[in-house]
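Engineer: Sending over upload.txt (compact mmCIF, C-alpha atoms).
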# COMPACT_ATOMS: atom_id res chain seq x y z
CA MET A 1 0.00 0.00 0.00
CA THR A 2 1.26 3.46 -0.87
CA ALA A 3 1.77 5.82 2.04
CA ARG A 4 -0.35 8.97 2.00
CA ILE A 5 1.41 12.21 2.95
CA LEU A 6 -0.21 15.54 3.71
CA VAL A 7 1.94 18.54 2.73
CA VAL A 8 0.96 21.79 4.46
CA ASP A 9 2.55 25.11 3.44
CA ASP A 10 1.16 28.55 2.64
CA ILE A 11 3.64 29.11 -0.22
CA PRO A 12 2.43 27.40 -3.43
CA SER A 13 5.93 26.88 -4.85
CA ASN A 14 6.96 24.99 -1.68
CA VAL A 15 3.88 22.79 -1.92
CA LYS A 16 4.55 22.04 -5.60
CA LEU A 17 8.21 21.19 -4.92
CA LEU A 18 7.41 18.81 -2.07
CA GLU A 19 4.53 17.29 -4.00
CA ALA A 20 6.78 16.65 -7.02
CA ARG A 21 9.60 15.15 -4.92
CA LEU A 22 7.29 12.87 -2.96
CA SER A 23 5.20 11.82 -5.96
CA ALA A 24 8.40 10.84 -7.78
CA GLU A 25 9.03 8.43 -4.89
CA TYR A 26 5.53 6.95 -5.39
CA PHE A 27 3.92 8.49 -2.32
CA ASP A 28 0.28 9.52 -2.49
CA VAL A 29 0.40 13.27 -1.78
CA MET A 30 -2.39 15.51 -0.50
CA THR A 31 -1.86 19.24 -0.07
CA ALA A 32 -3.19 22.05 2.08
CA MET A 33 -2.36 25.76 1.97
CA SER A 34 -3.29 26.61 5.57
CA GLY A 35 -3.69 25.11 9.00
CA ALA A 36 -7.47 25.13 8.70
CA ASP A 37 -7.22 23.37 5.32
CA ALA A 38 -4.88 20.78 6.87
CA LEU A 39 -7.33 19.98 9.67
CA ALA A 40 -10.18 19.74 7.15
CA MET A 41 -8.06 17.40 5.01
CA CYS A 42 -7.41 15.18 8.04
CA GLU A 43 -11.18 14.98 8.54
CA ARG A 44 -11.73 13.87 4.93
CA ALA A 45 -8.89 11.44 4.36
CA GLU A 46 -6.58 9.28 6.43
CA CYS A 47 -2.90 10.11 6.10
CA ASP A 48 0.28 8.35 7.21
CA LEU A 49 2.48 11.42 7.71
CA VAL A 50 2.25 15.21 7.71
CA LEU A 51 4.94 17.58 6.41
CA LEU A 52 4.07 20.85 8.10
CA ASP A 53 5.40 24.37 7.61
CA VAL A 54 5.99 26.32 10.83
CA MET A 55 5.33 29.91 9.77
CA MET A 56 1.85 30.31 8.31
CA PRO A 57 -0.69 33.12 8.70
CA ASP A 58 -3.78 32.64 10.87
CA MET A 59 -2.66 29.34 12.45
CA ASP A 60 1.03 28.44 12.73
CA GLY A 61 2.36 24.92 12.38
CA PHE A 62 2.71 24.45 16.14
CA GLU A 63 -1.01 25.07 16.66
CA VAL A 64 -1.91 22.74 13.77
CA CYS A 65 0.31 20.07 15.32
CA ARG A 66 -1.29 20.49 18.75
CA ARG A 67 -4.78 20.20 17.27
CA ILE A 68 -3.86 17.05 15.36
CA ARG A 69 -2.43 15.52 18.55
CA GLU A 70 -5.63 16.36 20.48
CA HIS A 71 -7.80 14.41 18.03
CA ALA A 72 -7.92 10.72 19.04
CA ASP A 73 -8.02 9.42 15.45
CA TRP A 74 -5.03 11.50 14.36
CA ALA A 75 -2.84 11.45 17.47
CA GLU A 76 -0.45 8.82 16.08
CA ILE A 77 0.21 10.50 12.72
CA PRO A 78 3.90 11.47 12.54
CA ILE A 79 4.39 15.19 11.91
CA ILE A 80 7.62 16.49 10.40
CA PHE A 81 8.10 20.23 10.51
CA VAL A 82 9.64 21.73 7.36
CA SER A 83 10.78 25.33 7.80
CA SER A 84 13.37 27.86 6.73
CA ALA A 85 13.61 28.89 10.40
CA ASP A 86 16.74 27.28 11.81
CA ASP A 87 16.28 28.75 15.29
CA LYS A 88 16.99 26.12 17.96
CA ASP A 89 14.13 27.45 20.12
CA LEU A 90 11.68 26.89 17.25
CA ILE A 91 13.01 23.38 16.69
CA VAL A 92 12.51 22.55 20.38
CA ARG A 93 9.05 24.13 20.26
CA GLY A 94 8.24 21.87 17.30
CA PHE A 95 9.12 18.76 19.28
CA GLU A 96 7.25 20.02 22.35
CA SER A 97 4.11 20.59 20.28
CA GLY A 98 4.18 16.97 19.09
CA GLY A 99 6.43 16.90 16.03
CA VAL A 100 8.63 13.87 15.45
CA ASP A 101 11.24 15.60 13.28
CA TYR A 102 12.28 19.00 11.93
CA ILE A 103 13.83 19.64 8.52
CA THR A 104 15.21 23.03 7.54
CA LYS A 105 14.79 24.60 4.10
CA PRO A 106 16.45 24.42 1.73
CA PHE A 107 16.39 20.70 2.36
CA ASN A 108 18.48 17.95 0.85
CA HIS A 109 16.21 15.77 -1.31
CA ALA A 110 17.77 12.46 -0.20
CA GLU A 111 17.59 13.47 3.48
CA LEU A 112 13.94 14.46 3.17
CA ILE A 113 12.99 11.15 1.52
CA SER A 114 15.02 9.18 4.05
CA ARG A 115 13.34 10.87 7.01
CA VAL A 116 9.90 10.46 5.46
CA ARG A 117 10.49 6.74 4.82
CA THR A 118 11.86 6.24 8.34
CA HIS A 119 8.86 7.84 10.03
CA ILE A 120 6.39 5.99 7.81
CA ALA A 121 8.13 2.69 8.64
CA LEU A 122 8.02 3.52 12.36
CA LYS A 123 4.31 4.34 12.14
CA ALA A 124 3.62 1.08 10.29
CA ALA A 125 5.50 -0.86 13.00
CA ARG A 126 3.55 0.93 15.77
CA ASP A 127 0.26 0.27 13.98
CA GLU A 128 1.14 -3.42 13.62
CA LEU A 129 2.10 -3.72 17.31
CA LYS A 130 -1.15 -2.02 18.31
CA GLN A 131 -3.12 -4.48 16.15
CA LEU A 132 -1.25 -7.44 17.64
CA ALA A 133 -2.00 -6.20 21.16
CA GLU A 134 -5.70 -5.84 20.29
CA ASP A 135 -5.73 -9.35 18.77
CA LYS A 136 -4.05 -10.74 21.90
CA ASP A 137 -6.58 -9.05 24.16
CA GLU A 138 -9.46 -10.40 22.09
CA LEU A 139 -8.01 -13.91 22.14
CA LEU A 140 -7.48 -13.78 25.92
CA GLY A 141 -11.06 -12.61 26.35
CA VAL A 142 -12.39 -15.52 24.32
CA LEU A 143 -10.18 -18.03 26.15
CA THR A 144 -11.20 -16.65 29.55
CA HIS A 145 -14.87 -16.84 28.60
CA ASP A 146 -14.52 -20.41 27.32
CA LEU A 147 -12.54 -21.49 30.38
CA LYS A 148 -15.15 -20.01 32.75
CA ASN A 149 -17.92 -21.82 30.84
CA HIS A 150 -15.96 -25.09 30.92
CA LEU A 151 -15.17 -24.83 34.64
CA GLY A 152 -18.73 -23.73 35.44
CA ALA A 153 -20.08 -26.93 33.89
CA TRP A 154 -18.07 -28.99 36.43
CA THR A 155 -19.50 -27.36 39.53
For this file, write the structure as structure tokens.
Structural biologist:
Amino acid sequence: MTARILVVDDIPSNVKLLEARLSAEYFDVMTAMSGADALAMCERAECDLVLLDVMMPDMDGFEVCRRIREHADWAEIPIIFVSSADDKDLIVRGFESGGVDYITKPFNHAELISRVRTHIALKAARDELKQLAEDKDELLGVLTHDLKNHLGAWT
């Protein structure tokens, strides 16, 4: 299955560049030009990763990240900040708001793709572990029920 990535940036040329780079690597790319558009896009379609600009009018990337993290269905989506701001305080703020990585512009194409693939692989592994835990819990529930019924028949 192809990973779906949401690219969020208020500068159209940045969106087009990221969309072209990611599409060339066979990712399914969705785009949003604002924080509000990004949240609406998350409502409409499931995504595996978000590439999020920090400096945007109306709602900055940190606020978008916080809102995504507050939503139960989206809380596990990895968010990578992509910004021309190389200020260490902003980078720390990005991690504190829930980001998993921070890439500065101009970015190296190979580095961007490598980080995207890494975080998508980590998400897939987490999703698989979560599913295995749910399957285990369900199996234990069935076994406990059957064991109680079996033991109850002997009393």
Engineer: Could you jot down the atom CA of Gly98 of chain A to atom CA of Ile79 of chain A separation for me, Å, one decimal place?
Structural biologist: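 Atom CA of Gly98 of chain A sits 7.4 Å away from atom CA of Ile79 of chain A.
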Engineer: May I have the protein, DNA and RNA residues with any atom at most 10 Å from the point (3.3, 7.6, -2.5), counting all atoms listed in the file, written as a PyMOL selection string?
Structural biologist: chain A and resi 1-5+19+22-30
Engineer: If you count all atoms listed in the file, which residues fall within 10 Å of segment 111-115 of chain A, apart from same-chain ones fewer than 2 positions away, as a short mmCIF file (atom, residue, chain, number, x, y, z; two decimals) with C-alpha atoms, in the frame of the given file?
Structural biologist:
data_model
loop_
_atom_site.label_atom_id
_atom_site.label_comp_id
_atom_site.auth_asym_id
_atom_site.auth_seq_id
_atom_site.Cartn_x
_atom_site.Cartn_y
_atom_site.Cartn_z
CA LEU A 18 7.41 18.81 -2.07
CA ARG A 21 9.60 15.15 -4.92
CA LEU A 22 7.29 12.87 -2.96
CA GLU A 25 9.03 8.43 -4.89
CA ILE A 80 7.62 16.49 10.40
CA VAL A 82 9.64 21.73 7.36
CA ASP A 101 11.24 15.60 13.28
CA TYR A 102 12.28 19.00 11.93
CA ILE A 103 13.83 19.64 8.52
CA THR A 104 15.21 23.03 7.54
CA PHE A 107 16.39 20.70 2.36
CA ASN A 108 18.48 17.95 0.85
CA HIS A 109 16.21 15.77 -1.31
CA ARG A 117 10.49 6.74 4.82
CA THR A 118 11.86 6.24 8.34
CA HIS A 119 8.86 7.84 10.03
CA ILE A 120 6.39 5.99 7.81
CA ALA A 121 8.13 2.69 8.64
#
Engineer: Just the residues within 10 Å of Arg66 of chain A, please, counting only C-alpha atoms, with nothing from its chain fewer than 2 positions along; format it as a PyMOL selection string.
Structural biologist: chain A and resi 61-64+68-71+75+94+96-99
Engineer: Rank A:Asp137, A:Asp86, A:Glu43, A:Asp60 by their smallest atom-to-atom distance to Ala72 of chain A, using all atoms listed in the file, and report the top residue only.
Structural biologist: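 Counting all atoms listed in the file, the residue closest to Ala72 of chain A is A:Glu43.
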Engineer: Kindly give the distance, in Å, that separates atom CA of Ala40 of chain A and atom CA of Leu17 of chain A, rounded to a single decimal.
Structural biologist: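 Separating atom CA of Ala40 of chain A from atom CA of Leu17 of chain A is a distance of 22.0 Å.
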Engineer: Report as a Markdown table: every residue of segment 63-119 of chain A with an atom at most 8 Å from segment 123-134 of chain A, its closest pair of atoms, and their distance in Å to one decimal, counting all atoms listed in the file, with rows sorted by chain and ascending residue number.
Structural biologist:
| residue | atom | partner | partner_atom | distance |
| --- | --- | --- | --- | --- |
| A:Glu76 | CA | A:Lys123 | CA | 7.6 |
| A:Ile77 | CA | A:Lys123 | CA | 7.4 |
| A:Pro78 | CA | A:Lys123 | CA | 7.2 |
| A:His119 | CA | A:Lys123 | CA | 6.1 |
Engineer: Edge lengths and centre in Å to one decimal, as lines of an AutoDock Vina configuration file, is what I'm after for the box along x, y and z that holds all listed atoms of segment 126-133 of chain A once 5 Å is added on each side.
Structural biologist:
center_x = 0.2
center_y = -3.3
center_z = 17.4
size_x = 16.7
size_y = 18.4
size_z = 17.5
Engineer: Report, in Å to a single decimal, how far apart atom CA of Ser34 of chain A and atom CA of Asp53 of chain A are.
Structural biologist: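 Atom CA of Ser34 of chain A lies 9.2 Å from atom CA of Asp53 of chain A.
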Engineer: Using only C-alpha atoms, pick whichever of A:Val142, A:Leu147, A:Asp37, A:Ala20 has the shortest atom-to-atom distance to Val8 of chain A.
Structural biologist: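 Smallest separation from Val8 of chain A among the options: A:Asp37.
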